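Novice: If you scroll down you'll find the structure; I have some questions about it.
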Amino acid sequence: MKMPARRPNAPVLLVLALAALPALAAAAERGDAPVLSIATGRIRGVMQDGVAAYLGIPYAAPPAGELRWRPPAPPVPWDGVRDATQFGPSCPQTAGALGGDVGPMDEDCLRLNVWTAARPADAVRPVMVWIHGGGLRQGSGSQRNYDGAALARDGVVVVTINYRLGILGFLAHPALTAESAHHASGNYGIMDQIAALHWVQENIRAFGGDPGNVTIFGESAGAVSVCTLMCTPLAKGLFHRAIAESGAAPDRLRYHDRDLPGLPSMESSGVALARRLGIPDGPGALPALRATPHQDLLAAAPTPSGMPGAGTRDYLCVDGYVLTESPGATFARRAQAHVPFMAGTCADEGTLFARTTQVNGLLGYRMLVRAAYRDHADEVMALYPADDAASARAALTRILGDVFVDSTRTAVRDAAPGQPDTYLYQFTRTSAWARSVGLGCHHGAEVPYVFGVAPRWGFSADDARLSRQMRGYWTRFAATGDPNGTGAVPWPCYTKQTDEHLVLNLPATVGRNLRKEQCDLLDKLREQGEP
């Protein structure tokens with residue numbers, strides 16, 4: 001997907017960038033809000049301890065009315081100086097167990113935020129573009145944990161983005177497919193991410209960033225998005241490194257226009273949604289859907305289960321345009337973008353998900369395993385044994401966690417032969433709060449350490465030290481494609497033969513064969529068509 005042309009040429013952008021850096025430095029010295037010029041107009045940011053933040057910048061037109069369920073349109077230019085000192089609205093969504101506070105919501109949500117500490121004497125800085133998680137149905141680039149100031153002080157320019165979510169970001173419907181020039185519908189949220197990367201290419205020099213050195217990074221559904229962007233031809237050349245935290249390349253997606261065994265088409269889901277809203281099939285369905293308040297659309301949408309990957313299966317699809325096959329298949333063919341790649345998991349990924357499932361007791365556990373793994377259920381239960389309710393919950397938690405570990409191992413195994421700068425990690429630190437509530441090193445536990453944003457219960461001195469070390473690995477990777485540096489514990493490149501990973505804790509160590517027996521079994525079952 002290409003955004004329609006409405007942009008200055010490269011020399012003009014370079015002049016804007018060079019002119020902006022002295023203004024940014026002078027503003028930092030005076031403590032006032034810098035004014036920068038980008039392709040759509042001038043913006044005023046806010047200073048945060050030597051870091052300039054530009055918040056709520058439109059990177060596309062509001063996707064409402066006739067623009068709902070269409071590829072993102074270019075942002076509308078403005079006159080004068082636009083205030084960029086407050087976050088814009090988050091994309092409409094429903095609350096859920098894994099979501100945080102996202103503040104005000106509105107369909108005019110295709111906004112991004114930039115943090116920079118660049119100075120005129122600096123060379124242009126690496127750029128890190130964060131894609132938030134939330135199962136493709138929740139979250140926002142403005143959430144507290146994603147403040148980019150600490151990373152910006154470490155020498156990168158940070159961008160966080162919103163993208164359309166849930167039924168507003170991923171609806172497919174026969175009428176949408178019919179009106180599309182590409183005969184495709186769905187995946188509008190991924191198109192938004194691609195539009196944001198185009199915006200970075202066009203504008204990031206004004207903030208001291210290097211459009212030739214862009215790292216995409218994300219967690220959970222954001223990590224799935226990272227892997228998806230590595231597989232779509234529409235994102236080719238828009239980024240140069242990739243980091244996937246607790247999410248990988250899904251290998252069994254629905255198609256937009258045809259059913260698979262156990263996976264009805266996305267279009268059939270769209271038709272069912274319209275019928276629940278009282279909208280009949282036929283040519284009038286699409287105008288009626290576009291006229292329906294987004295609150296009613298969200299209320300009519302099915303509630304996804306709390307199982308890992310449910311959001312991906314409910315929303316992401318093979319549409320023949322953004323995706324011509326599942327990202328897992330593209331990785332398996334080694335046809336994804338061969339950029340330096342870093343991926344990993346937390347030690348207790350399954351705890352949050354086990355709490356949101358409806359499986360209770362030993363019988364419920366056994367029934368779930370038999371339903372999921374059928375003829376191989378006894379083999380699975382031998383590796384994840386349980387003889388009472390407590391051990392059943394522990395076994396389910398470990399299975400759910402190992403699904404993350406295995407899919408991540410698969411992605412790095414597929415990526416490494418074509419890109420030696422491939423790295424695997426496991427984060428193992430458990431906060432005092434998580435320990436007190438029995439969550440362990442849970443899904444998303446690494447995010448405050450990566451961003452250097454102390455959680456509400458605080459960072460100890462050791463937590464702060466680990467955060468500095470992790471930010472060093474992440475920013476060095478963004479700068480060079482290699483996370484290693486002077487004084488850091490060496491992080492070996494991943495190969496299938498050595499199967500090494502970095503254990504991120506104090507002290508950092510190198511491990512081997514992470515959950516090998518369990519991952520080998522899950523690999524075998526997946527190859528035989530089991531989930």
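The way I read the labels, and the way they are meant: chains A, B, ... in the order of the structure tokens, residue 1 as the first residue of every chain, and ligand 1 as the first ligand shown, with later ones counted on from there.
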Can you list every residue in region 72-303 of chain A that DSSP puts in alpha helix (DSSP H), as an MDAnalysis selection string?
Specialist: chainID A and resid 149:153 166:170 174:179 188:203 221:229 266:276 285:291 294:300
Novice: Write to file, as an mmCIF file, in the first residue's frame, the residues of the selection just made, with C-alpha atoms.
Specialist:
```
data_model
loop_
_atom_site.group_PDB
_atom_site.id
_atom_site.type_symbol
_atom_site.label_atom_id
_atom_site.label_comp_id
_atom_site.auth_asym_id
_atom_site.auth_seq_id
_atom_site.Cartn_x
_atom_site.Cartn_y
_atom_site.Cartn_z
ATOM 1 C CA ALA A 149 11.643 9.673 27.100
ATOM 2 C CA ALA A 150 14.140 7.245 28.666
ATOM 3 C CA LEU A 151 14.895 5.528 25.362
ATOM 4 C CA ALA A 152 15.252 8.942 23.685
ATOM 5 C CA ARG A 153 17.839 9.934 26.303
ATOM 6 C CA GLY A 166 -11.102 -4.959 16.610
ATOM 7 C CA ILE A 167 -14.125 -4.759 14.374
ATOM 8 C CA LEU A 168 -13.176 -1.230 13.234
ATOM 9 C CA GLY A 169 -9.703 -2.320 12.197
ATOM 10 C CA PHE A 170 -10.238 -5.796 10.809
ATOM 11 C CA PRO A 174 -18.451 -9.131 0.807
ATOM 12 C CA ALA A 175 -19.490 -5.527 0.127
ATOM 13 C CA LEU A 176 -16.120 -4.246 1.308
ATOM 14 C CA THR A 177 -14.351 -6.785 -0.876
ATOM 15 C CA ALA A 178 -16.488 -5.780 -3.866
ATOM 16 C CA GLU A 179 -15.631 -2.072 -3.543
ATOM 17 C CA TYR A 188 -7.079 -2.114 7.953
ATOM 18 C CA GLY A 189 -5.184 -1.944 11.251
ATOM 19 C CA ILE A 190 -2.093 -3.371 9.540
ATOM 20 C CA MET A 191 -2.504 -0.849 6.728
ATOM 21 C CA ASP A 192 -2.528 1.852 9.410
ATOM 22 C CA GLN A 193 0.798 0.591 10.748
ATOM 23 C CA ILE A 194 2.219 0.730 7.225
ATOM 24 C CA ALA A 195 0.900 4.282 6.784
ATOM 25 C CA ALA A 196 2.617 5.268 10.039
ATOM 26 C CA LEU A 197 5.897 3.860 8.694
ATOM 27 C CA HIS A 198 5.435 5.930 5.515
ATOM 28 C CA TRP A 199 4.954 8.976 7.761
ATOM 29 C CA VAL A 200 8.237 8.150 9.520
ATOM 30 C CA GLN A 201 10.035 7.969 6.188
ATOM 31 C CA GLU A 202 8.634 11.350 5.161
ATOM 32 C CA ASN A 203 8.997 13.289 8.411
ATOM 33 C CA ALA A 221 -0.210 -8.448 19.251
ATOM 34 C CA GLY A 222 2.361 -5.743 18.544
ATOM 35 C CA ALA A 223 4.965 -8.471 18.078
ATOM 36 C CA VAL A 224 2.569 -10.377 15.808
ATOM 37 C CA SER A 225 2.229 -7.117 13.876
ATOM 38 C CA VAL A 226 6.035 -6.845 13.643
ATOM 39 C CA CYS A 227 6.225 -10.324 12.120
ATOM 40 C CA THR A 228 3.319 -9.528 9.820
ATOM 41 C CA LEU A 229 5.090 -6.393 8.589
ATOM 42 C CA MET A 266 -13.730 -13.299 7.812
ATOM 43 C CA GLU A 267 -16.454 -12.196 5.401
ATOM 44 C CA SER A 268 -18.916 -14.624 6.998
ATOM 45 C CA SER A 269 -18.113 -13.071 10.379
ATOM 46 C CA GLY A 270 -18.775 -9.623 8.919
ATOM 47 C CA VAL A 271 -22.138 -10.716 7.540
ATOM 48 C CA ALA A 272 -23.048 -12.214 10.923
ATOM 49 C CA LEU A 273 -22.140 -8.939 12.648
ATOM 50 C CA ALA A 274 -24.365 -6.962 10.277
ATOM 51 C CA ARG A 275 -27.271 -9.322 10.899
ATOM 52 C CA ARG A 276 -26.882 -8.952 14.665
ATOM 53 C CA ALA A 285 -25.395 -3.268 4.014
ATOM 54 C CA LEU A 286 -22.231 -1.219 3.665
ATOM 55 C CA PRO A 287 -23.787 2.262 3.963
ATOM 56 C CA ALA A 288 -25.742 1.038 6.975
ATOM 57 C CA LEU A 289 -22.625 -0.353 8.610
ATOM 58 C CA ARG A 290 -20.731 2.887 8.004
ATOM 59 C CA ALA A 291 -23.603 4.859 9.503
ATOM 60 C CA HIS A 294 -18.921 2.731 16.625
ATOM 61 C CA GLN A 295 -20.224 2.017 20.132
ATOM 62 C CA ASP A 296 -22.953 -0.189 18.636
ATOM 63 C CA LEU A 297 -20.458 -1.990 16.422
ATOM 64 C CA LEU A 298 -18.244 -2.766 19.398
ATOM 65 C CA ALA A 299 -21.210 -3.959 21.443
ATOM 66 C CA ALA A 300 -22.309 -6.332 18.670
#
```
Novice: Applying 7 Å and only C-alpha atoms, which residues near Ser265 (chain A) remain after dropping the ones on its own chain fewer than 6 positions away? List them as a PyMOL selection string.
Specialist: chain A and resi 254-259
Novice: Those selected residues, please, written with C-alpha atoms and delivered as a short mmCIF file (atom, residue, chain, number, x, y, z; two decimals), in the first residue's frame.
Specialist:
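Output file part.cif follows:
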```
data_model
loop_
_atom_site.label_atom_id
_atom_site.label_comp_id
_atom_site.auth_asym_id
_atom_site.auth_seq_id
_atom_site.Cartn_x
_atom_site.Cartn_y
_atom_site.Cartn_z
CA ARG A 254 -8.55 -17.26 8.38
CA TYR A 255 -9.06 -16.20 4.77
CA HIS A 256 -11.19 -13.19 4.02
CA ASP A 257 -13.37 -14.93 1.43
CA ARG A 258 -13.28 -18.70 1.98
CA ASP A 259 -13.74 -21.14 4.82
#
```
Novice: Using only C-alpha atoms, which protein or nucleic acid residues come within 9 Å of Val380 (chain A)? Drop anything in the same chain fewer than 4 positions from it, and give the result as a VMD selection string.
Specialist: chain A and resid 369 373 376 384 to 385 399 518 521 to 522
Novice: What does the distance from CA of Ser140 (chain A) to CA of Ser90 (chain A) come to in Å, to one decimal?
Specialist: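 According to the coordinates, CA of Ser140 (chain A) and CA of Ser90 (chain A) are separated by 5.7 Å.
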